>>> print(open('work_36.csv').read())   # CSV, C-alpha atoms
chain,number,residue,atom,x,y,z
A,9,MET,CA,-34.7,118.6,-308.6
A,10,SER,CA,-35.9,116.8,-311.7
A,11,GLN,CA,-35.5,113.5,-309.9
A,12,SER,CA,-37.9,114.3,-307.1
A,13,GLN,CA,-40.4,115.8,-309.6
A,14,ALA,CA,-40.8,112.3,-311.0
A,15,LEU,CA,-41.4,110.7,-307.6
A,16,ILE,CA,-44.8,110.3,-306.1
A,17,ILE,CA,-45.6,109.6,-302.5
A,18,CYS,CA,-48.8,107.7,-301.5
A,19,GLU,CA,-50.7,110.1,-299.2
A,20,TYR,CA,-52.2,107.2,-297.3
A,21,CYS,CA,-49.1,105.2,-296.4
A,22,ASP,CA,-46.0,107.1,-297.5
A,23,ALA,CA,-44.8,104.6,-300.1
A,24,VAL,CA,-42.6,106.2,-302.8
A,25,TYR,CA,-43.0,105.5,-306.5
A,26,GLN,CA,-41.5,106.6,-309.8
A,27,ARG,CA,-44.2,108.3,-311.9
A,28,MET,CA,-45.1,106.2,-315.0
A,29,PRO,CA,-47.3,107.3,-317.9
A,30,VAL,CA,-50.9,105.9,-317.7
A,31,HIS,CA,-53.3,105.4,-320.5
A,32,LYS,CA,-56.8,106.7,-320.9
A,33,HIS,CA,-59.2,105.5,-318.2
A,34,GLN,CA,-56.3,104.1,-316.2
A,35,HIS,CA,-55.1,105.1,-312.8
A,36,ALA,CA,-52.1,104.1,-310.7
A,37,LEU,CA,-52.7,102.4,-307.4
A,38,CYS,CA,-50.4,102.0,-304.4
A,39,VAL,CA,-49.4,98.3,-304.0
A,40,ARG,CA,-49.1,98.7,-300.3
A,41,CYS,CA,-52.5,100.2,-299.3
A,42,GLY,CA,-54.5,100.2,-302.5
A,43,GLY,CA,-55.0,104.0,-302.6
A,44,VAL,CA,-55.2,105.9,-305.9
A,45,LEU,CA,-51.8,107.6,-306.6
A,46,TYR,CA,-52.8,109.5,-309.7
A,47,ARG,CA,-55.0,109.3,-312.8
A,48,HIS,CA,-54.7,109.8,-316.5
A,49,LYS,CA,-54.8,113.5,-317.4
A,50,SER,CA,-58.1,113.6,-319.2
A,51,LEU,CA,-58.4,117.4,-319.7
A,52,THR,CA,-56.0,119.8,-321.4
A,53,ILE,CA,-55.7,123.3,-319.9
A,54,GLN,CA,-57.9,124.7,-322.7
A,55,GLN,CA,-60.6,122.2,-322.1
A,56,ARG,CA,-60.5,122.8,-318.3
A,57,LEU,CA,-60.7,126.5,-318.8
A,58,ALA,CA,-63.6,126.2,-321.2
A,59,LEU,CA,-65.5,124.0,-318.6
A,60,SER,CA,-64.7,126.5,-315.8
A,61,VAL,CA,-66.2,129.3,-317.8
A,62,THR,CA,-69.3,127.0,-318.4
A,63,GLY,CA,-69.3,126.4,-314.7
A,64,ALA,CA,-69.3,130.2,-314.0
A,65,VAL,CA,-72.4,130.6,-316.3
A,66,LEU,CA,-74.1,127.7,-314.6
A,67,LEU,CA,-73.2,129.2,-311.2
A,68,ILE,CA,-75.0,132.4,-312.1
A,69,PHE,CA,-78.1,130.5,-313.2
A,70,ALA,CA,-78.1,128.3,-310.1
A,71,ASN,CA,-78.0,131.2,-307.8
A,72,ALA,CA,-80.1,133.8,-309.6
A,73,TYR,CA,-83.1,131.6,-310.5
A,74,PRO,CA,-85.3,129.8,-308.0
A,75,VAL,CA,-84.5,126.1,-307.3
A,76,MET,CA,-88.2,125.5,-307.1
A,77,THR,CA,-91.6,127.0,-306.7
A,78,ILE,CA,-94.5,125.7,-304.7
A,79,GLY,CA,-98.2,126.5,-305.2
A,80,MET,CA,-101.3,126.0,-303.0
A,81,GLN,CA,-104.8,127.4,-303.4
A,82,GLY,CA,-103.6,130.3,-305.6
A,83,LEU,CA,-100.7,131.2,-303.4
A,84,SER,CA,-97.2,130.5,-304.6
A,85,ASN,CA,-93.7,130.9,-303.3
A,86,SER,CA,-90.3,130.2,-304.8
A,87,ALA,CA,-86.9,129.9,-303.2
A,88,THR,CA,-83.3,130.3,-304.4
A,89,LEU,CA,-80.3,128.8,-302.7
A,90,TRP,CA,-79.6,132.1,-301.0
A,91,ASP,CA,-83.2,132.1,-299.6
A,92,SER,CA,-82.6,128.7,-298.0
A,93,VAL,CA,-79.4,130.0,-296.4
A,94,LEU,CA,-81.2,133.1,-295.1
A,95,ILE,CA,-84.0,131.1,-293.5
A,96,LEU,CA,-81.4,129.2,-291.4
A,97,SER,CA,-79.8,132.5,-290.2
A,98,ILE,CA,-82.9,133.5,-288.3
A,99,GLY,CA,-82.9,132.9,-284.5
A,100,SER,CA,-80.3,131.0,-282.5
A,101,ILE,CA,-79.1,128.7,-285.2
A,102,THR,CA,-77.2,131.2,-287.3
A,103,PHE,CA,-74.0,129.2,-287.2
A,104,ILE,CA,-75.4,126.5,-289.4
A,105,ALA,CA,-76.4,129.1,-292.0
A,106,LEU,CA,-72.7,129.9,-292.3
A,107,VAL,CA,-71.8,126.3,-292.9
A,108,MET,CA,-74.6,125.9,-295.4
A,109,ALA,CA,-73.6,129.2,-297.2
A,110,LEU,CA,-70.0,127.9,-297.4
A,111,ALA,CA,-71.0,124.5,-298.6
A,112,ILE,CA,-73.4,125.4,-301.4
A,113,ILE,CA,-72.6,129.0,-302.3
A,114,PHE,CA,-69.2,130.4,-301.3
A,115,ALA,CA,-67.0,127.3,-301.8
A,116,PRO,CA,-68.3,126.6,-305.4
A,117,VAL,CA,-68.1,130.3,-306.3
A,118,LEU,CA,-64.5,130.5,-305.0
A,119,GLN,CA,-63.5,127.3,-306.7
A,120,ILE,CA,-64.8,128.4,-310.1
A,121,ALA,CA,-63.3,131.9,-309.7
A,122,LEU,CA,-59.9,130.5,-308.7
A,123,LEU,CA,-60.0,128.0,-311.5
A,124,CYS,CA,-60.8,130.7,-314.1
A,125,TRP,CA,-58.1,132.9,-312.7
A,126,VAL,CA,-55.4,130.3,-312.6
A,127,LEU,CA,-56.3,128.6,-315.9
A,128,SER,CA,-56.6,131.8,-317.9
A,129,PHE,CA,-52.9,132.5,-317.2
A,130,ALA,CA,-52.0,128.8,-317.6
A,131,VAL,CA,-53.4,128.9,-321.2
A,132,ALA,CA,-50.8,131.5,-322.0
A,133,GLY,CA,-48.2,129.3,-320.4
A,134,ARG,CA,-47.7,131.6,-317.4
A,135,ARG,CA,-48.3,131.3,-313.7
A,136,ALA,CA,-51.0,133.6,-312.4
A,137,PRO,CA,-50.2,136.1,-309.7
A,138,GLY,CA,-50.9,134.3,-306.4
A,139,PHE,CA,-50.6,131.0,-308.1
A,140,ALA,CA,-49.4,129.1,-305.1
A,141,THR,CA,-52.1,130.6,-302.8
A,142,SER,CA,-54.8,129.9,-305.3
A,143,MET,CA,-53.8,126.3,-305.7
A,144,ARG,CA,-53.6,125.8,-302.0
A,145,CYS,CA,-57.1,127.4,-301.6
A,146,LEU,CA,-58.5,125.0,-304.2
A,147,GLU,CA,-57.0,122.1,-302.3
A,148,GLY,CA,-58.5,123.3,-299.0
A,149,LEU,CA,-62.0,124.2,-300.5
A,150,ARG,CA,-62.6,120.8,-302.1
A,151,PRO,CA,-64.0,119.0,-299.0
A,152,TRP,CA,-66.3,121.9,-298.2
A,153,SER,CA,-67.9,122.2,-301.6
A,154,MET,CA,-71.1,120.2,-301.3
A,155,LEU,CA,-73.2,121.0,-304.4
A,156,GLU,CA,-73.9,117.4,-305.2
A,157,VAL,CA,-75.4,117.0,-301.7
A,158,GLY,CA,-77.4,120.2,-302.4
A,159,LEU,CA,-78.7,118.6,-305.6
A,160,LEU,CA,-79.9,115.4,-303.7
A,161,GLY,CA,-81.3,117.6,-301.0
A,162,ALA,CA,-83.3,119.6,-303.5
A,163,LEU,CA,-84.7,116.3,-305.0
A,164,VAL,CA,-85.6,115.0,-301.6
A,165,ALA,CA,-87.4,118.3,-300.9
A,166,VAL,CA,-89.3,118.0,-304.1
A,167,ILE,CA,-90.6,114.6,-303.1
A,168,LYS,CA,-91.2,115.6,-299.5
A,169,LEU,CA,-93.5,118.5,-300.6
A,170,ALA,CA,-95.0,117.0,-303.7
A,171,GLY,CA,-97.6,115.1,-301.6
A,172,LEU,CA,-98.9,118.3,-299.9
A,173,LEU,CA,-98.5,121.0,-302.5
A,174,GLU,CA,-97.9,121.7,-306.1
A,175,VAL,CA,-94.1,121.7,-306.8
A,176,ILE,CA,-92.5,123.2,-309.9
A,177,PRO,CA,-88.8,122.6,-310.3
A,178,GLY,CA,-87.1,125.8,-311.5
A,179,ILE,CA,-84.1,126.8,-313.7
A,180,GLY,CA,-82.0,126.9,-310.6
A,181,LEU,CA,-82.4,123.1,-310.1
A,182,VAL,CA,-81.4,122.2,-313.6
A,183,ALA,CA,-78.3,124.5,-313.4
A,184,LEU,CA,-77.5,123.0,-309.9
A,185,ALA,CA,-77.7,119.5,-311.4
A,186,ALA,CA,-75.3,120.3,-314.2
A,187,LEU,CA,-72.9,122.4,-312.1
A,188,SER,CA,-72.6,119.8,-309.3
A,189,MET,CA,-71.4,117.2,-311.9
A,190,LEU,CA,-69.1,119.7,-313.6
A,191,ILE,CA,-67.4,120.8,-310.4
A,192,ILE,CA,-66.5,117.2,-309.5
A,193,TYR,CA,-65.0,116.8,-312.9
A,194,ILE,CA,-63.0,120.0,-313.2
A,195,ALA,CA,-62.0,120.8,-309.6
A,196,GLY,CA,-60.9,117.3,-308.5
A,197,ARG,CA,-57.5,116.3,-307.2
A,198,ASP,CA,-55.9,116.2,-310.6
A,199,ILE,CA,-55.7,120.0,-310.7
A,200,ARG,CA,-52.4,119.4,-308.9
A,201,ASP,CA,-51.0,118.5,-312.4
A,202,LEU,CA,-51.0,122.3,-313.1
A,203,TRP,CA,-47.9,122.6,-310.9
A,204,GLU,CA,-46.0,120.6,-313.5
A,205,GLN,CA,-47.6,122.1,-316.5
A,206,VAL,CA,-46.8,125.8,-315.9
B,24,MET,CA,-44.8,92.1,-305.0
B,25,SER,CA,-41.9,93.7,-303.1
B,26,THR,CA,-42.6,96.4,-300.6
B,27,PRO,CA,-41.9,99.9,-302.1
B,28,ALA,CA,-39.5,102.2,-300.4
B,29,LEU,CA,-41.0,104.6,-297.8
B,30,ALA,CA,-40.7,108.3,-297.9
B,31,ASP,CA,-39.0,108.3,-294.5
B,32,GLU,CA,-36.2,106.0,-295.6
B,33,LEU,CA,-35.5,108.2,-298.6
B,34,GLY,CA,-35.6,111.4,-296.6
B,35,LEU,CA,-38.7,112.6,-298.4
B,36,CYS,CA,-41.9,114.1,-297.2
B,37,LEU,CA,-45.2,114.5,-298.9
B,38,CYS,CA,-46.6,118.1,-299.1
B,39,HIS,CA,-50.3,118.2,-298.3
B,40,GLY,CA,-50.7,121.4,-300.1
B,41,CYS,CA,-49.7,120.2,-303.6
B,42,GLY,CA,-48.6,116.6,-303.5
B,43,HIS,CA,-45.0,117.4,-304.1
B,44,ALA,CA,-42.3,115.0,-302.9
B,45,CYS,CA,-40.0,117.3,-300.8
B,46,GLU,CA,-36.5,116.5,-299.6
B,47,LEU,CA,-36.1,116.9,-295.9
B,48,SER,CA,-32.3,116.8,-295.9
B,49,ARG,CA,-31.7,120.6,-295.8
B,50,HIS,CA,-33.8,121.2,-292.8
B,51,VAL,CA,-36.6,122.8,-294.7
B,52,HIS,CA,-40.0,123.2,-293.0
B,53,ALA,CA,-42.0,124.5,-296.0
B,54,CYS,CA,-42.7,123.0,-299.4
B,55,GLU,CA,-40.3,124.4,-302.0
B,56,ARG,CA,-43.1,124.3,-304.6
B,57,CYS,CA,-46.2,125.8,-302.9
B,58,GLY,CA,-44.9,127.1,-299.6
B,59,ALA,CA,-47.2,125.0,-297.3
B,60,PRO,CA,-45.6,123.9,-294.0
B,61,LEU,CA,-44.3,120.3,-294.1
B,62,HIS,CA,-45.2,117.7,-291.5
B,63,ARG,CA,-43.9,114.1,-291.6
B,64,ARG,CA,-47.2,113.2,-289.8
B,65,LYS,CA,-50.1,115.5,-289.0
B,66,THR,CA,-49.6,117.2,-285.6
B,67,ASN,CA,-51.3,115.5,-282.7
B,68,ALA,CA,-53.4,113.5,-285.2
B,69,ILE,CA,-54.8,111.1,-282.6
B,70,ALA,CA,-55.6,113.5,-279.9
B,71,ARG,CA,-57.3,115.9,-282.3
B,72,GLY,CA,-59.1,113.1,-284.0
B,73,TRP,CA,-60.5,111.9,-280.6
B,74,ALA,CA,-61.4,115.4,-279.5
B,75,PHE,CA,-63.5,116.2,-282.6
B,76,LEU,CA,-65.0,112.7,-282.5
B,77,VAL,CA,-66.1,113.0,-278.9
B,78,ALA,CA,-67.5,116.5,-279.5
B,79,ALA,CA,-69.5,115.1,-282.4
B,80,LEU,CA,-70.8,112.3,-280.3
B,81,VAL,CA,-72.0,114.7,-277.7
B,82,PHE,CA,-73.8,116.8,-280.3
B,83,TYR,CA,-75.3,113.7,-281.8
B,84,VAL,CA,-77.7,113.3,-278.8
B,85,PRO,CA,-79.5,116.7,-279.1
B,86,ALA,CA,-79.4,116.3,-282.9
B,87,ASN,CA,-81.6,113.3,-282.7
B,88,LEU,CA,-83.8,114.4,-279.7
B,89,LEU,CA,-84.5,118.0,-280.6
B,90,PRO,CA,-87.0,118.9,-283.4
B,91,VAL,CA,-85.4,119.9,-286.6
B,92,MET,CA,-88.5,121.5,-288.1
B,93,HIS,CA,-91.7,123.2,-287.0
B,94,THR,CA,-94.6,122.8,-289.3
B,95,GLU,CA,-97.6,125.2,-289.0
B,96,MET,CA,-100.4,124.0,-291.3
B,97,LEU,CA,-103.9,125.5,-291.3
B,98,GLY,CA,-103.7,126.6,-287.7
B,99,SER,CA,-102.3,123.4,-286.2
B,100,GLY,CA,-98.5,123.2,-285.4
B,101,SER,CA,-96.2,120.2,-285.0
B,102,ASP,CA,-92.5,119.6,-284.5
B,103,SER,CA,-90.6,116.9,-286.3
B,104,THR,CA,-87.3,115.2,-285.5
B,105,ILE,CA,-85.0,113.5,-288.0
B,106,GLY,CA,-86.2,110.0,-287.0
B,107,GLY,CA,-89.8,111.2,-287.2
B,108,GLY,CA,-89.3,112.3,-290.8
B,109,VAL,CA,-88.0,108.9,-291.8
B,110,VAL,CA,-91.0,107.1,-290.1
B,111,GLU,CA,-93.4,109.5,-291.8
B,112,PHE,CA,-92.1,108.7,-295.3
B,113,TRP,CA,-92.1,105.0,-294.5
B,114,GLU,CA,-95.7,105.1,-293.3
B,115,HIS,CA,-96.8,107.0,-296.4
B,116,GLY,CA,-95.3,104.2,-298.5
B,117,ALA,CA,-92.3,106.2,-299.8
B,118,TRP,CA,-89.9,103.6,-298.5
B,119,ASP,CA,-87.2,104.6,-301.1
B,120,ILE,CA,-87.1,108.2,-299.8
B,121,ALA,CA,-87.2,107.0,-296.2
B,122,LEU,CA,-84.2,104.8,-297.0
B,123,ILE,CA,-82.2,107.6,-298.5
B,124,ILE,CA,-82.9,109.9,-295.5
B,125,PHE,CA,-82.2,107.1,-293.1
B,126,ILE,CA,-78.9,106.2,-294.7
B,127,ALA,CA,-77.8,109.8,-295.0
B,128,SER,CA,-78.8,111.1,-291.7
B,129,MET,CA,-78.6,108.2,-289.3
B,130,GLY,CA,-76.6,105.5,-291.0
B,131,VAL,CA,-73.7,107.6,-292.3
B,132,PRO,CA,-73.0,109.3,-288.9
B,133,ALA,CA,-73.2,106.0,-287.1
B,134,VAL,CA,-70.8,104.3,-289.5
B,135,LYS,CA,-68.5,107.3,-289.2
B,136,PHE,CA,-68.4,107.2,-285.4
B,137,PHE,CA,-67.7,103.5,-285.5
B,138,SER,CA,-65.1,103.7,-288.3
B,139,LEU,CA,-63.2,106.7,-286.9
B,140,GLY,CA,-63.3,105.3,-283.4
B,141,LEU,CA,-61.8,102.0,-284.7
B,142,LEU,CA,-59.2,103.8,-286.8
B,143,LEU,CA,-58.1,106.0,-283.9
B,144,TYR,CA,-58.1,103.2,-281.4
B,145,THR,CA,-56.0,100.8,-283.6
B,146,ALA,CA,-53.6,103.6,-284.6
B,147,GLN,CA,-53.1,104.5,-281.0
B,148,ARG,CA,-52.3,100.9,-280.1
B,149,ARG,CA,-50.0,100.8,-283.2
B,150,SER,CA,-51.7,97.7,-284.2
B,151,SER,CA,-50.5,96.0,-287.4
B,152,TRP,CA,-53.9,94.3,-287.9
B,153,ALA,CA,-55.5,94.6,-291.4
B,154,CYS,CA,-53.6,97.7,-292.4
B,155,ARG,CA,-54.7,97.6,-296.0
B,156,GLN,CA,-58.4,97.3,-295.0
B,157,ARG,CA,-58.1,100.0,-292.4
B,158,SER,CA,-56.6,102.2,-295.1
B,159,GLN,CA,-59.6,101.5,-297.4
B,160,LEU,CA,-61.9,102.2,-294.4
B,161,TYR,CA,-60.3,105.7,-294.0
B,162,ARG,CA,-60.9,106.4,-297.7
B,163,GLY,CA,-64.5,105.3,-297.3
B,164,VAL,CA,-65.0,107.7,-294.4
B,165,GLU,CA,-63.5,110.5,-296.4
B,166,LEU,CA,-65.8,109.7,-299.3
B,167,ILE,CA,-69.1,109.5,-297.4
B,168,GLY,CA,-68.3,112.2,-294.9
B,169,TYR,CA,-70.3,115.2,-296.1
B,170,TRP,CA,-73.4,113.4,-297.4
B,171,SER,CA,-75.0,113.8,-294.0
B,172,MET,CA,-75.4,117.5,-294.8
B,173,LEU,CA,-78.3,116.3,-296.8
B,174,ASP,CA,-80.8,116.8,-294.0
B,175,VAL,CA,-79.6,120.3,-293.3
B,176,ILE,CA,-80.1,121.3,-296.9
B,177,VAL,CA,-83.5,119.6,-297.1
B,178,VAL,CA,-84.8,121.4,-294.0
B,179,ALA,CA,-83.4,124.7,-295.3
B,180,LEU,CA,-85.0,124.4,-298.7
B,181,VAL,CA,-88.3,123.2,-297.4
B,182,ALA,CA,-88.5,126.0,-294.8
B,183,ALA,CA,-87.5,128.6,-297.4
B,184,LEU,CA,-90.3,127.3,-299.7
B,185,VAL,CA,-93.2,126.8,-297.4
B,186,GLN,CA,-93.8,130.4,-296.3
B,187,LEU,CA,-97.5,130.7,-297.3
B,188,ARG,CA,-99.2,133.2,-295.0
B,189,GLY,CA,-102.4,131.9,-293.6
B,190,LEU,CA,-102.0,128.4,-295.1
B,191,GLY,CA,-98.8,127.0,-293.8
B,192,THR,CA,-95.3,127.8,-292.7
B,193,ILE,CA,-92.3,125.7,-291.9
B,194,GLU,CA,-89.5,126.9,-289.7
B,195,PRO,CA,-86.1,125.3,-288.9
B,196,ARG,CA,-85.5,124.4,-285.3
B,197,ALA,CA,-82.4,123.9,-283.1
B,198,GLY,CA,-82.0,120.2,-283.8
B,199,ILE,CA,-80.7,121.1,-287.3
B,200,LEU,CA,-77.9,123.2,-285.8
B,201,PHE,CA,-76.6,120.3,-283.7
B,202,PHE,CA,-77.0,117.9,-286.6
B,203,GLY,CA,-74.9,120.2,-288.8
B,204,MET,CA,-72.3,120.4,-286.1
B,205,VAL,CA,-72.1,116.6,-286.0
B,206,VAL,CA,-71.3,116.6,-289.7
B,207,VAL,CA,-68.7,119.4,-289.5
B,208,LEU,CA,-67.0,117.9,-286.4
B,209,THR,CA,-66.8,114.4,-287.9
B,210,MET,CA,-65.3,115.9,-291.0
B,211,PHE,CA,-62.7,117.7,-288.9
B,212,SER,CA,-62.0,114.5,-287.0
B,213,ALA,CA,-61.4,112.6,-290.3
B,214,MET,CA,-59.2,115.5,-291.6
B,215,SER,CA,-57.1,115.6,-288.5
B,216,PHE,CA,-56.5,111.9,-288.5
B,217,ASP,CA,-53.4,110.9,-290.5
B,218,PRO,CA,-54.0,107.7,-292.5
B,219,ARG,CA,-50.2,107.0,-292.5
B,220,LEU,CA,-50.3,106.3,-288.8
B,221,ILE,CA,-52.2,103.1,-289.7
B,222,TRP,CA,-48.9,101.8,-291.2
B,223,ASP,CA,-46.6,103.1,-288.4
B,224,SER,CA,-46.8,99.9,-286.3
B,225,PRO,CA,-43.7,98.2,-284.9
B,226,GLY,CA,-44.3,95.3,-287.3
B,227,ASN,CA,-44.0,97.4,-290.4
B,228,ASP,CA,-40.3,98.1,-290.6
B,229,GLY,CA,-39.3,101.5,-291.7
B,230,GLY,CA,-42.5,103.0,-290.3
B,231,ARG,CA,-41.9,105.8,-287.8
B,232,THR,CA,-43.9,106.5,-284.8
B,233,ASP,CA,-44.0,110.3,-284.5
B,234,GLY,CA,-47.5,111.6,-284.1
B,235,ALA,CA,-48.8,108.5,-282.4
B,236,SER,CA,-49.6,109.0,-278.7
B,237,GLU,CA,-46.5,109.0,-276.6
>>> encode(input="work_36.csv", output="structure tokens")
Amino acid sequence: MSQSQALIICEYCDAVYQRMPVHKHQHALCVRCGGVLYRHKSLTIQQRLALSVTGAVLLIFANAYPVMTIGMQGLSNSATLWDSVLILSIGSITFIALVMALAIIFAPVLQIALLCWVLSFAVAGRRAPGFATSMRCLEGLRPWSMLEVGLLGALVAVIKLAGLLEVIPGIGLVALAALSMLIIYIAGRDIRDLWEQV
Amino acid sequence: MSTPALADELGLCLCHGCGHACELSRHVHACERCGAPLHRRKTNAIARGWAFLVAALVFYVPANLLPVMHTEMLGSGSDSTIGGGVVEFWEHGAWDIALIIFIASMGVPAVKFFSLGLLLYTAQRRSSWACRQRSQLYRGVELIGYWSMLDVIVVALVAALVQLRGLGTIEPRAGILFFGMVVVLTMFSAMSFDPRLIWDSPGNDGGRTDGASE
């Protein structure tokens, strides 16, 4: 089994390679199709766990505090991420509220929760209960987690409204900005390395 | 550079759940490491890819024709479509924002339709034309795929914010549902397509043809 552990298959063209060590900032490319095979492991398990806990804190801030507040002639109103999901759920377009809730709330929450779960056991050198299921969920959730799109969307909304009303960015927006970058960094494809580490 | 060995020749199969190289020799159908079912090629990749793509194209029409937002400002109401929003920004001199929205909501879906159509058509024909470039195109489609959700999020946030009784309210409209469906369906189309089919042409020796239309 140790022989096939060291083999790596290009997911884009099925070419088979022997895994070689790569240095910092390096990644291995497939010579046939040019796809990335694997990257240098930049994070240790401890670092990744620490960042996941940071992510959990940011996630609470991003969801509990308003993303922004508007004001006009003495009236003001603020909206959190959840408010923006709720507004879509009214009327005949409820389905898109589900997609939106998955993309900017549920997928990130699950990703962070699963990462914390899996990594807190991995730090002790053990596999968490439900390790395989958790890892496969993380793999499946990745394309549906769209916090970075949410961040750009919030910025566009700020500019869109700034001409008409007074717009005050909230704590939620700052947390969203930090969290969207963090999730790309800690929940990327290289979490697969955990299979070999524990 | 010599061509590397292919998984098929070595009796190996890539697990999509965890990236493990599984040996197929002992008639296993699940990955020994993570338990995910193994497929040499994704099942019915081309048929499913086309189905999702055509569905997305159908939804693209109402997504652009129907209003995505209804604005009620100081007693007067107006509907706006996605194209209308871009034009509005452009006319107000905010050409940079107009460009971002245009690229995310009109450019990206159009590029995805064209790219996925091209990939599906050439894979169906088992063409050996520009395999490397088509492989890069697929990775590009995967990368830009979900950025079109931008408009859905903008509309949702703006509508959630502008709820000032008496002064102005903004409500989402049906167009945004169809627009979101276009994004989701093109993502499904890209996920069901198997990029390894690009290399499975008769010209590439060792390439197998299962999964291609037969």
>>> residues_around(input="work_36.csv", residues="A:Gln55", least_positions_apart="3", cutoff="12 Å", atoms="all atoms listed in the file", output="list of chain:residue names")
A:Lys49, A:Ser50, A:Leu51, A:Thr52, A:Ala58, A:Leu59, A:Ser60, A:Val61, A:Thr62, A:Cys124, A:Leu127, A:Ser128, A:Ala130, A:Val131, A:Tyr193, A:Ile194
>>> atom_distance(input="work_36.csv", atom1="atom CA of B:Gly34", atom2="atom CA of B:Ala59")
17.9 Å
>>> closest_atom_pairs(input="work_36.csv", of="stretch 35-136 of chain B", to="stretch 211-216 of chain B", cutoff="9 Å", atoms="all atoms listed in the file", output="JSON lines")
{"residue": "B:Lys65", "atom": "CA", "partner": "B:Ser215", "partner_atom": "CA", "distance": 7.0}
{"residue": "B:Thr66", "atom": "CA", "partner": "B:Ser215", "partner_atom": "CA", "distance": 8.2}
{"residue": "B:Asn67", "atom": "CA", "partner": "B:Ser215", "partner_atom": "CA", "distance": 8.2}
{"residue": "B:Ala68", "atom": "CA", "partner": "B:Phe216", "partner_atom": "CA", "distance": 4.8}
{"residue": "B:Ile69", "atom": "CA", "partner": "B:Phe216", "partner_atom": "CA", "distance": 6.2}
{"residue": "B:Ala70", "atom": "CA", "partner": "B:Phe216", "partner_atom": "CA", "distance": 8.8}
{"residue": "B:Arg71", "atom": "CA", "partner": "B:Ser215", "partner_atom": "CA", "distance": 6.2}
{"residue": "B:Gly72", "atom": "CA", "partner": "B:Ser212", "partner_atom": "CA", "distance": 4.4}
{"residue": "B:Trp73", "atom": "CA", "partner": "B:Ser212", "partner_atom": "CA", "distance": 7.1}
{"residue": "B:Ala74", "atom": "CA", "partner": "B:Ser212", "partner_atom": "CA", "distance": 7.6}
{"residue": "B:Phe75", "atom": "CA", "partner": "B:Ser212", "partner_atom": "CA", "distance": 4.9}
{"residue": "B:Leu76", "atom": "CA", "partner": "B:Ser212", "partner_atom": "CA", "distance": 5.7}
{"residue": "B:Ala79", "atom": "CA", "partner": "B:Ser212", "partner_atom": "CA", "distance": 8.8}
{"residue": "B:Lys135", "atom": "CA", "partner": "B:Ala213", "partner_atom": "CA", "distance": 8.9}
>>> residues_around(input="work_36.csv", residues="stretch 41-51 of chain B", least_positions_apart="4", cutoff="9 Å", atoms="only C-alpha atoms", output="PyMOL selection string")
(chain A and resi 12-17+19+24+143-144+147+200+203) or (chain B and resi 30+33-37+55-57+59+61)
>>> residues_around(input="work_36.csv", residues="A:Tyr20", least_positions_apart="3", cutoff="8 Å", atoms="only C-alpha atoms", output="JSON, numbers by chain")
{"A": [41, 43], "B": [158, 217, 218, 219]}
>>> atom_distance(input="work_36.csv", atom1="atom CA of A:Met108", atom2="atom CA of B:Trp118")
27.2 Å
>>> atom_distance(input="work_36.csv", atom1="atom CA of A:Leu106", atom2="atom CA of B:Val109")
26.0 Å
>>> residues_near_point(input="work_36.csv", point="(-85.3, 122.3, -298.6)", cutoff="8 Å", atoms="all atoms listed in the file", output="list in words")
Ser92, Gly161, Ala162, Val164 and Ala165 of chain A; Ile176, Val177, Val178, Ala179, Leu180, Val181, Ala182, Ala183 and Leu184 of chain B
>>> residues_around(input="work_36.csv", residues="A:Arg197", least_positions_apart="4", cutoff="9 Å", atoms="only C-alpha atoms", output="list in words")
Tyr46, Glu147, Arg150 and Asp201 of chain A
>>> closest_residue(input="work_36.csv", among="A:Cys38, A:Val65, A:Ile104, A:Ile192", to="A:Ser153", atoms="all atoms listed in the file")
A:Ile192
>>> residues_around(input="work_36.csv", residues="B:Ser101", least_positions_apart="2", cutoff="10 Å", atoms="all atoms listed in the file", output="list in words")
Pro90, Met92, His93, Thr94, Glu95, Met96, Ser99, Ser103 and Ile193 of chain B
>>> closest_residue(input="work_36.csv", among="A:Ala136, A:Met154, A:Leu184, A:Ala72", to="A:Gln119", atoms="all atoms listed in the file")
A:Met154
>>> closest_residue(input="work_36.csv", among="A:Pro74, A:Pro116, A:Gly82, A:Gly42", to="chain B", atoms="all atoms listed in the file")
A:Gly42
>>> closest_residue(input="work_36.csv", among="A:Glu174, A:Asp91, A:Asp198, A:Glu204", to="chain B", atoms="all atoms listed in the file")
A:Asp91
